[in-house]
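Q: I am sharing structure-v7.cif, which consists of mmCIF, C-alpha atoms:
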data_model
#
loop_
_atom_site.label_atom_id
_atom_site.label_comp_id
_atom_site.auth_asym_id
_atom_site.auth_seq_id
_atom_site.Cartn_x
_atom_site.Cartn_y
_atom_site.Cartn_z
CA MET A 1415 46.88 20.99 197.90
CA ARG A 1416 47.17 24.03 195.63
CA SER A 1417 50.06 26.35 196.47
CA ALA A 1418 49.15 29.77 197.83
CA PRO A 1419 49.90 32.69 195.50
CA LEU A 1420 53.39 34.15 195.74
CA ARG A 1421 53.25 37.91 195.45
CA THR A 1422 56.05 39.79 193.67
CA ARG A 1423 56.23 42.98 191.63
CA LEU A 1424 55.62 40.86 188.52
CA THR A 1425 52.44 39.24 189.83
CA ASP A 1426 51.14 42.64 190.96
CA LEU A 1427 51.97 44.15 187.56
CA VAL A 1428 50.24 41.57 185.37
CA GLY A 1429 47.66 40.15 187.77
CA VAL A 1430 48.72 36.49 188.01
CA GLU A 1431 49.08 34.17 191.00
CA TYR A 1432 52.63 32.97 190.48
CA PRO A 1433 55.77 34.72 189.15
CA ILE A 1434 56.18 32.30 186.25
CA VAL A 1435 56.06 33.23 182.56
CA GLN A 1436 55.65 30.91 179.58
CA THR A 1437 57.59 32.53 176.75
CA GLY A 1438 56.23 33.16 173.25
CA MET A 1439 57.78 30.38 171.15
CA GLY A 1440 57.10 30.39 167.42
CA TRP A 1441 54.99 27.42 166.25
CA VAL A 1442 54.69 26.30 169.90
CA SER A 1443 52.93 28.96 172.00
CA GLY A 1444 49.43 28.75 170.59
CA PRO A 1445 46.06 29.33 172.31
CA GLN A 1446 46.01 25.94 174.07
CA LEU A 1447 49.39 26.29 175.78
CA THR A 1448 48.91 29.99 176.53
CA ALA A 1449 45.48 29.46 178.09
CA ALA A 1450 46.63 26.41 180.05
CA THR A 1451 49.46 28.46 181.56
CA ALA A 1452 47.09 31.30 182.39
CA ASN A 1453 44.56 28.96 183.99
CA ALA A 1454 47.38 27.44 186.06
CA GLY A 1455 48.17 30.85 187.55
CA GLY A 1456 51.15 31.88 185.40
CA LEU A 1457 51.50 34.31 182.50
CA GLY A 1458 51.07 32.62 179.12
CA ILE A 1459 52.28 34.42 176.00
CA LEU A 1460 51.06 33.80 172.44
CA ALA A 1461 53.75 33.80 169.76
CA SER A 1462 52.55 35.91 166.83
CA ALA A 1463 55.68 36.29 164.66
CA THR A 1464 54.77 33.17 162.67
CA MET A 1465 51.11 34.20 162.31
CA THR A 1466 49.39 36.37 159.76
CA TYR A 1467 47.31 39.23 161.12
CA ASP A 1468 44.11 37.21 160.65
CA GLU A 1469 45.66 34.17 162.35
CA LEU A 1470 46.64 36.35 165.30
CA ALA A 1471 43.11 37.72 165.57
CA ALA A 1472 41.73 34.17 165.59
CA ALA A 1473 44.35 33.01 168.13
CA VAL A 1474 43.55 35.87 170.52
CA ALA A 1475 39.82 35.10 170.26
CA GLN A 1476 40.42 31.39 170.88
CA THR A 1477 42.67 32.08 173.87
CA LYS A 1478 40.01 34.36 175.37
CA SER A 1479 37.46 31.56 174.92
CA LEU A 1480 39.73 29.19 176.91
CA THR A 1481 40.65 31.50 179.81
CA ASP A 1482 39.40 34.62 181.55
CA ARG A 1483 42.81 35.28 183.08
CA PRO A 1484 45.53 37.67 181.89
CA PHE A 1485 47.76 36.57 179.02
CA GLY A 1486 50.16 38.20 176.60
CA VAL A 1487 51.12 38.35 172.94
CA ASN A 1488 54.70 38.40 171.67
CA LEU A 1489 55.20 40.82 168.78
CA ARG A 1490 57.95 41.71 166.35
CA ALA A 1491 58.55 45.41 166.91
CA ASP A 1492 60.13 45.70 163.45
CA ALA A 1493 57.24 44.07 161.57
CA SER A 1494 55.60 46.26 158.92
CA ASP A 1495 52.17 45.70 160.49
CA ALA A 1496 53.28 46.05 164.12
CA ALA A 1497 51.01 49.08 164.65
CA GLU A 1498 47.97 47.18 163.35
CA ARG A 1499 48.74 44.24 165.61
CA VAL A 1500 49.05 46.57 168.57
CA ASP A 1501 45.65 48.05 167.71
CA LEU A 1502 44.22 44.52 167.65
CA MET A 1503 45.65 43.78 171.09
CA ILE A 1504 44.25 47.00 172.49
CA ARG A 1505 40.77 46.31 171.07
CA GLU A 1506 40.81 42.79 172.50
CA GLY A 1507 42.06 43.89 175.91
CA VAL A 1508 45.21 41.74 175.86
CA LYS A 1509 47.02 42.41 179.13
CA VAL A 1510 50.69 42.05 178.12
CA ALA A 1511 52.68 42.98 175.01
CA SER A 1512 56.07 41.27 174.92
CA PHE A 1513 58.74 42.02 172.34
CA ALA A 1514 61.85 40.17 171.19
CA LEU A 1515 63.27 43.46 169.89
CA ALA A 1516 62.81 46.73 171.74
CA PRO A 1517 59.72 48.65 170.58
CA LYS A 1518 60.01 52.36 169.89
CA PRO A 1519 58.98 54.78 172.66
CA GLU A 1520 55.83 55.84 170.79
CA LEU A 1521 54.66 52.22 170.53
CA ILE A 1522 55.32 51.69 174.23
CA ALA A 1523 53.37 54.85 175.05
CA LYS A 1524 50.41 53.78 172.91
CA LEU A 1525 50.17 50.43 174.68
CA LYS A 1526 50.57 51.93 178.14
CA ASP A 1527 47.95 54.59 177.45
CA ALA A 1528 45.54 51.76 176.63
CA GLY A 1529 46.34 50.00 179.93
CA ALA A 1530 48.58 47.25 178.53
CA VAL A 1531 51.81 46.12 180.16
CA VAL A 1532 54.93 46.29 177.96
CA ILE A 1533 57.68 43.71 178.55
CA PRO A 1534 60.61 43.63 176.07
CA SER A 1535 63.24 40.87 176.13
CA ILE A 1536 66.81 42.14 176.41
CA GLY A 1537 70.27 40.60 176.36
CA ALA A 1538 72.44 43.33 177.90
CA ALA A 1539 72.28 45.73 180.84
CA LYS A 1540 72.50 48.81 178.60
CA HIS A 1541 69.42 47.66 176.69
CA ALA A 1542 67.48 47.24 179.94
CA VAL A 1543 68.34 50.80 180.96
CA LYS A 1544 67.31 52.09 177.53
CA VAL A 1545 63.87 50.46 177.45
CA ALA A 1546 63.23 51.39 181.08
CA GLY A 1547 63.89 55.00 180.08
CA TRP A 1548 61.44 54.60 177.21
CA GLY A 1549 58.68 53.51 179.58
CA ALA A 1550 58.78 49.69 179.50
CA ASP A 1551 57.01 48.19 182.50
CA ALA A 1552 59.40 45.22 182.98
CA VAL A 1553 62.08 43.30 181.11
CA ILE A 1554 62.81 39.64 180.43
CA VAL A 1555 66.54 38.92 180.72
CA GLN A 1556 67.65 35.80 178.84
CA GLY A 1557 71.08 34.38 179.50
CA GLY A 1558 73.11 32.25 177.12
CA GLU A 1559 71.61 28.98 178.37
CA GLY A 1560 68.29 29.91 176.75
CA GLY A 1561 66.95 28.41 173.54
CA GLY A 1562 66.46 30.18 170.23
CA HIS A 1563 68.22 33.49 169.70
CA THR A 1564 70.58 33.94 172.60
CA GLY A 1565 73.67 35.74 173.78
CA PRO A 1566 77.10 34.73 175.08
CA VAL A 1567 76.69 35.62 178.77
CA ALA A 1568 75.31 33.09 181.26
CA THR A 1569 72.19 33.97 183.24
CA SER A 1570 74.12 33.83 186.53
CA LEU A 1571 76.15 36.86 185.36
CA LEU A 1572 73.79 38.63 182.98
CA LEU A 1573 70.96 38.75 185.51
CA PRO A 1574 72.85 40.53 188.31
CA SER A 1575 74.45 42.90 185.80
CA VAL A 1576 71.00 43.98 184.63
CA ILE A 1577 69.65 44.23 188.16
CA ASP A 1578 72.62 46.39 189.19
CA ALA A 1579 72.20 48.62 186.13
CA LEU A 1580 68.55 49.16 187.05
CA GLY A 1581 69.47 50.24 190.57
CA GLY A 1582 68.87 46.95 192.35
CA ARG A 1583 72.28 46.38 193.92
CA ASP A 1584 71.21 47.86 197.24
CA GLY A 1585 67.53 48.45 196.66
CA GLU A 1586 64.65 47.87 194.28
CA THR A 1587 65.15 47.85 190.52
CA ALA A 1588 63.59 50.67 188.51
CA ILE A 1589 61.28 48.13 186.84
CA PRO A 1590 60.65 44.43 187.55
CA VAL A 1591 63.14 41.99 186.04
CA ILE A 1592 62.14 38.52 184.84
CA ALA A 1593 64.95 35.97 184.55
CA ALA A 1594 65.12 33.52 181.62
CA GLY A 1595 67.62 30.93 180.44
CA GLY A 1596 68.20 27.69 182.35
CA PHE A 1597 65.08 27.67 184.55
CA PHE A 1598 62.92 24.60 185.03
CA ASP A 1599 62.07 24.16 188.74
CA GLY A 1600 61.52 25.82 192.11
CA ARG A 1601 65.21 26.02 192.93
CA GLY A 1602 65.72 28.26 189.91
CA LEU A 1603 62.82 30.48 190.92
CA VAL A 1604 64.30 30.99 194.39
CA ALA A 1605 67.74 31.68 192.90
CA ALA A 1606 66.26 34.33 190.57
CA LEU A 1607 64.37 35.93 193.45
CA SER A 1608 67.54 35.99 195.54
CA TYR A 1609 69.34 37.92 192.79
CA GLY A 1610 66.57 40.51 192.88
CA ALA A 1611 64.39 39.33 190.00
CA SER A 1612 60.60 39.33 190.31
CA GLY A 1613 60.02 36.04 188.52
CA ILE A 1614 61.22 33.57 185.91
CA ALA A 1615 60.36 32.85 182.28
CA MET A 1616 60.61 29.35 180.80
CA GLY A 1617 60.38 28.17 177.21
CA THR A 1618 61.71 24.63 176.80
CA ARG A 1619 60.11 23.56 180.08
CA PHE A 1620 56.65 24.65 178.88
CA LEU A 1621 57.24 23.15 175.43
CA LEU A 1622 57.68 19.82 177.23
CA THR A 1623 54.23 19.71 178.83
CA SER A 1624 51.13 17.73 177.94
CA ASP A 1625 49.39 21.02 177.05
CA SER A 1626 51.95 21.81 174.37
CA GLU A 1627 50.58 21.06 170.90
CA VAL A 1628 53.88 20.05 169.28
CA PRO A 1629 53.83 16.43 168.05
CA ASP A 1630 54.62 13.69 170.58
CA SER A 1631 57.52 12.60 168.37
CA VAL A 1632 59.05 16.05 168.80
CA LYS A 1633 58.63 15.97 172.56
CA HIS A 1634 60.34 12.60 172.80
CA GLU A 1635 63.19 13.90 170.62
CA TYR A 1636 63.77 16.50 173.34
CA LEU A 1637 63.31 14.11 176.27
CA ARG A 1638 66.08 11.81 175.10
CA ARG A 1639 68.64 14.63 175.04
CA GLY A 1640 71.32 15.45 177.63
CA LEU A 1641 72.99 18.64 178.82
CA GLY A 1642 75.54 18.54 176.02
CA ASP A 1643 73.05 18.05 173.21
CA THR A 1644 72.49 21.67 172.20
CA VAL A 1645 74.70 23.94 170.13
CA VAL A 1646 74.74 27.67 169.39
CA SER A 1647 74.77 28.02 165.61
CA THR A 1648 75.00 31.09 163.40
CA LYS A 1649 74.23 29.05 160.29
CA VAL A 1650 70.48 28.86 160.95
CA ASP A 1651 69.79 32.55 160.31
CA GLY A 1652 73.04 34.44 160.76
CA MET A 1653 72.44 35.16 164.44
CA PRO A 1654 73.49 33.02 167.45
CA HIS A 1655 70.72 30.46 167.79
CA ARG A 1656 70.68 27.64 170.38
CA VAL A 1657 69.21 24.44 168.92
CA LEU A 1658 69.35 20.69 169.42
CA ARG A 1659 72.27 18.92 167.76
CA THR A 1660 70.96 17.04 164.71
CA ASP A 1661 72.40 15.81 161.44
CA LEU A 1662 70.86 18.81 159.69
CA VAL A 1663 72.47 21.26 162.11
CA GLU A 1664 75.83 19.55 161.63
CA ALA A 1665 75.36 19.88 157.87
CA LEU A 1666 74.48 23.56 158.19
CA GLU A 1667 77.56 24.15 160.35
CA SER A 1668 79.86 22.55 157.80
CA GLY A 1669 78.16 24.01 154.70
CA SER A 1670 79.26 26.99 152.65
CA ARG A 1671 77.96 30.53 153.08
CA ALA A 1672 76.77 30.66 149.47
CA LYS A 1673 74.62 27.54 149.90
CA ALA A 1674 73.17 28.96 153.11
CA LEU A 1675 72.13 32.17 151.34
CA ILE A 1676 70.52 30.23 148.48
CA ALA A 1677 68.57 28.12 150.98
CA ALA A 1678 67.51 31.28 152.84
CA ALA A 1679 66.16 32.86 149.65
CA ARG A 1680 64.18 29.70 148.92
CA ASN A 1681 62.79 29.68 152.46
CA ALA A 1682 61.91 33.38 152.19
CA ASN A 1683 59.67 32.56 149.24
CA GLU A 1684 58.04 29.66 151.12
CA PHE A 1685 57.49 31.85 154.21
CA LYS A 1686 55.95 34.55 152.02
CA GLN A 1687 53.48 32.05 150.56
CA LEU A 1688 52.70 30.54 153.97
CA THR A 1689 51.92 33.85 155.67
CA GLY A 1690 50.44 35.69 152.71
CA MET A 1691 53.06 38.42 153.01
CA ARG A 1692 54.10 40.34 149.91
CA TRP A 1693 57.68 40.78 148.75
CA THR A 1694 57.29 44.51 149.38
CA SER A 1695 56.43 43.76 153.03
CA LEU A 1696 59.41 41.43 153.43
CA LEU A 1697 61.73 44.03 151.95
CA ARG A 1698 60.22 46.77 154.11
CA ASP A 1699 60.77 44.62 157.21
CA GLY A 1700 64.36 44.00 156.08
CA ARG A 1701 65.05 47.71 155.65
CA ALA A 1702 63.62 48.39 159.11
CA MET A 1703 65.95 45.77 160.66
CA ARG A 1704 68.89 47.19 158.72
CA ARG A 1705 68.18 50.75 159.89
CA SER A 1706 68.05 49.53 163.50
CA GLY A 1707 71.68 48.50 163.11
CA GLU A 1708 71.01 45.12 164.69
CA ARG A 1709 71.64 43.00 161.55
CA THR A 1710 73.61 42.96 158.33
CA TRP A 1711 71.88 42.35 154.97
CA GLN A 1712 73.29 38.82 154.97
CA GLN A 1713 71.69 38.16 158.36
CA ILE A 1714 68.42 39.68 157.20
CA ILE A 1715 68.33 37.39 154.15
CA MET A 1716 69.21 34.36 156.28
CA ALA A 1717 66.49 35.26 158.82
CA ALA A 1718 64.01 33.63 156.44
CA ASN A 1719 65.51 30.29 157.46
CA THR A 1720 64.24 30.53 161.02
CA PRO A 1721 60.44 30.25 160.67
CA MET A 1722 60.59 27.61 157.95
CA LEU A 1723 63.23 25.42 159.58
CA LEU A 1724 61.44 25.64 162.92
CA ARG A 1725 58.11 24.83 161.30
CA ALA A 1726 59.53 21.73 159.64
CA ALA A 1727 60.73 20.46 163.02
CA MET A 1728 58.17 21.77 165.51
CA VAL A 1729 55.01 21.36 163.41
CA ASP A 1730 55.87 18.65 160.90
CA GLY A 1731 58.15 16.72 163.28
CA ASN A 1732 60.83 16.27 160.61
CA PRO A 1733 64.37 16.46 162.07
CA ASP A 1734 65.88 15.98 158.60
CA ALA A 1735 64.29 19.18 157.29
CA GLY A 1736 64.12 21.44 160.34
CA VAL A 1737 65.78 22.61 163.53
CA PHE A 1738 64.62 22.33 167.15
CA ALA A 1739 65.15 25.48 169.21
CA SER A 1740 66.12 24.42 172.72
CA GLY A 1741 67.65 25.66 175.92
CA GLN A 1742 70.43 23.75 177.62
CA VAL A 1743 67.88 22.92 180.30
CA VAL A 1744 66.56 20.17 178.00
CA GLY A 1745 69.07 17.86 179.65
CA MET A 1746 67.34 18.30 183.03
CA ILE A 1747 63.83 17.43 181.85
CA ASP A 1748 62.42 13.90 181.74
CA ASP A 1749 58.64 14.26 181.98
CA LEU A 1750 55.59 15.88 180.35
CA PRO A 1751 53.40 17.32 183.11
CA SER A 1752 50.38 19.53 182.51
CA CYS A 1753 51.00 23.25 182.90
CA ASP A 1754 49.07 23.18 186.17
CA ASP A 1755 51.11 20.29 187.56
CA LEU A 1756 54.33 21.96 186.42
CA ILE A 1757 53.57 25.28 188.07
CA GLN A 1758 52.37 23.62 191.26
CA SER A 1759 55.56 21.53 191.48
CA VAL A 1760 57.72 24.62 190.89
CA MET A 1761 55.90 26.52 193.61
CA ALA A 1762 56.01 23.60 196.10
CA GLN A 1763 59.75 23.21 195.63
CA ALA A 1764 60.30 26.97 195.80
CA ARG A 1765 58.46 27.23 199.09
CA ALA A 1766 60.42 24.28 200.49
CA ARG A 1767 63.69 25.96 199.53
CA LEU A 1768 62.58 29.29 200.98
CA ASP A 1769 61.67 27.56 204.27
CA ALA A 1770 65.04 25.79 204.32
CA ILE A 1771 66.89 29.06 203.76
CA ALA A 1772 64.88 30.70 206.53
CA ARG A 1773 65.90 27.89 208.88
CA ILE A 1774 69.56 28.41 207.99
CA GLY A 1775 69.26 32.05 208.99
CA ALA A 1776 67.37 31.21 212.18
CA ASP A 1777 69.97 28.63 213.23
CA GLN A 1778 72.88 31.10 213.18
CA PRO A 1779 74.19 31.95 216.66
CA GLU A 1780 73.70 35.53 217.74
CA SER A 1781 76.84 37.61 217.38
CA ARG A 1782 78.37 38.69 220.66
CA THR A 1783 80.68 41.60 221.24
CA PRO A 1784 83.77 40.73 223.30
#
I'd like the structure from this file rewritten - as structure tokens, please.
A:
Amino acid sequence: MRSAPLRTRLTDLVGVEYPIVQTGMGWVSGPQLTAATANAGGLGILASATMTYDELAAAVAQTKSLTDRPFGVNLRADASDAAERVDLMIREGVKVASFALAPKPELIAKLKDAGAVVIPSIGAAKHAVKVAGWGADAVIVQGGEGGGHTGPVATSLLLPSVIDALGGRDGETAIPVIAAGGFFDGRGLVAALSYGASGIAMGTRFLLTSDSEVPDSVKHEYLRRGLGDTVVSTKVDGMPHRVLRTDLVEALESGSRAKALIAAARNANEFKQLTGMRWTSLLRDGRAMRRSGERTWQQIIMAANTPMLLRAAMVDGNPDAGVFASGQVVGMIDDLPSCDDLIQSVMAQARARLDAIARIGADQPESRTP
């Protein structure tokens, strides 16, 4: 039996059945996975950072051919062609624009004026307050358990700090909050809702589905891992990055800074050729990141490592030449369900937990005054 929709502020905002988001993972979140998530009643998000403009246009068209339900596109707010990509989304009627870095207020306003929903990802309470003030419709809050670029604070502490900062300690948050980092089942969904969130976002869990297009060899590399088999490395691209432990990662961790920069420059050239970007565009993107104050020049140069190392692992399936972004939750996953089966199992378990909690409250003896 299919689970009844669970209505939250998130589902009302984006028009989906269940408060479950599939995050935009580079080289992973393509049209097939995004559409499968949407058709299953969740919010699927295309990852566009590793796509050229033309590839994004084709991916949006393909996703629309596979589903008539709402979906989103993840964008780099600091990309030199961010405005053009936003125009594409608006023309195509894409429902949700998600951002790994906070978009400027004018970009948020343009999307909202066109009827799109803007959902940045943030890693600190102050950033949530800032983007809410700029007009963001919701935020994704990723704790340190999450895969890829991540922060030092666990979801169990980061999430309530953001909710409190947005006015949710004793009431409703200013905008809906979506919890990410460490979620994989219905128990996590109920926990997030109990904190005051309006839903959860999952990356690694959706990567490990039958609808994910990453090679089977890659999926089985993940499935054999335990809770202690990820590491947060700054040697991938200069920023804290949670990945699977592999021989390559160990080599990166023990290597010299000079060698890392040389490898990054080489990867920058390969990424430029792969995407068709010009050196002037890469440098313009770098200057934009530098002006934002978020990264040093060394980190900007090393950022070229990320797409190429991830591609080698996630697309080519070569652990000796690439890295596997992964949340700690990988150690709790041992199957490859379809997106529909995954979402239905999450919702069935969530409803069972909610019923159990309701029974706990109902079983409490009435308080009596002496």
Q: Set the distance at 12 Å and use all atoms listed in the file: which residues neighbour Gly1582 (chain A) once local chain neighbours fewer than 3 positions away are removed? I'd like the list as a compact mmCIF listing (two decimals) with C-alpha atoms, keeping the file's coordinate frame.
A:
# COMPACT_ATOMS: atom_id res chain seq x y z
CA LEU A 1573 70.96 38.75 185.51
CA PRO A 1574 72.85 40.53 188.31
CA SER A 1575 74.45 42.90 185.80
CA VAL A 1576 71.00 43.98 184.63
CA ILE A 1577 69.65 44.23 188.16
CA ASP A 1578 72.62 46.39 189.19
CA ALA A 1579 72.20 48.62 186.13
CA GLY A 1585 67.53 48.45 196.66
CA GLU A 1586 64.65 47.87 194.28
CA THR A 1587 65.15 47.85 190.52
CA ALA A 1588 63.59 50.67 188.51
CA ILE A 1589 61.28 48.13 186.84
CA PRO A 1590 60.65 44.43 187.55
CA VAL A 1591 63.14 41.99 186.04
CA LEU A 1607 64.37 35.93 193.45
CA SER A 1608 67.54 35.99 195.54
CA TYR A 1609 69.34 37.92 192.79
CA GLY A 1610 66.57 40.51 192.88
CA ALA A 1611 64.39 39.33 190.00
CA SER A 1612 60.60 39.33 190.31
Q: Once the PyMOL selection byres ((chain A and resi 1507-1518) around 9) has been applied to the shown file, what residues remain in the selection, as number ranges by chain?
A: A: 1428-1429, 1438, 1457, 1459, 1474, 1484-1492, 1500, 1502-1506, 1519-1523, 1525, 1528-1536, 1541, 1545, 1548, 1553-1554
Q: Between CA of Thr1448 (chain A) and CA of Leu1750 (chain A), what is the distance, to one decimal in Å?
A: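 These two atoms are separated by 16.1 Å.
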Q: Counting all atoms listed in the file, figure out which residue out of A:Asp1551, A:Glu1559, A:Asp1468, A:Glu1498 gets nearest to Leu1424 (chain A).
A: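 Ranked by minimum distance to Leu1424 (chain A), first place goes to A:Asp1551.
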Q: Report the residues retrieved by the PyMOL selection byres ((chain A and resi 1620) around 9) from the displayed file, expressed as a ChimeraX atom specification.
A: /A:1436-1437,1443,1447,1451,1598,1616-1619,1621-1626,1750,1752-1753,1756
Q: Which is closer to Gly1440 (chain A) than all the others in A:Arg1416, A:Lys1524, A:Arg1725, A:Arg1767, using all atoms listed in the file?
A: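 Result for the nearest residue to Gly1440 (chain A): A:Arg1725.
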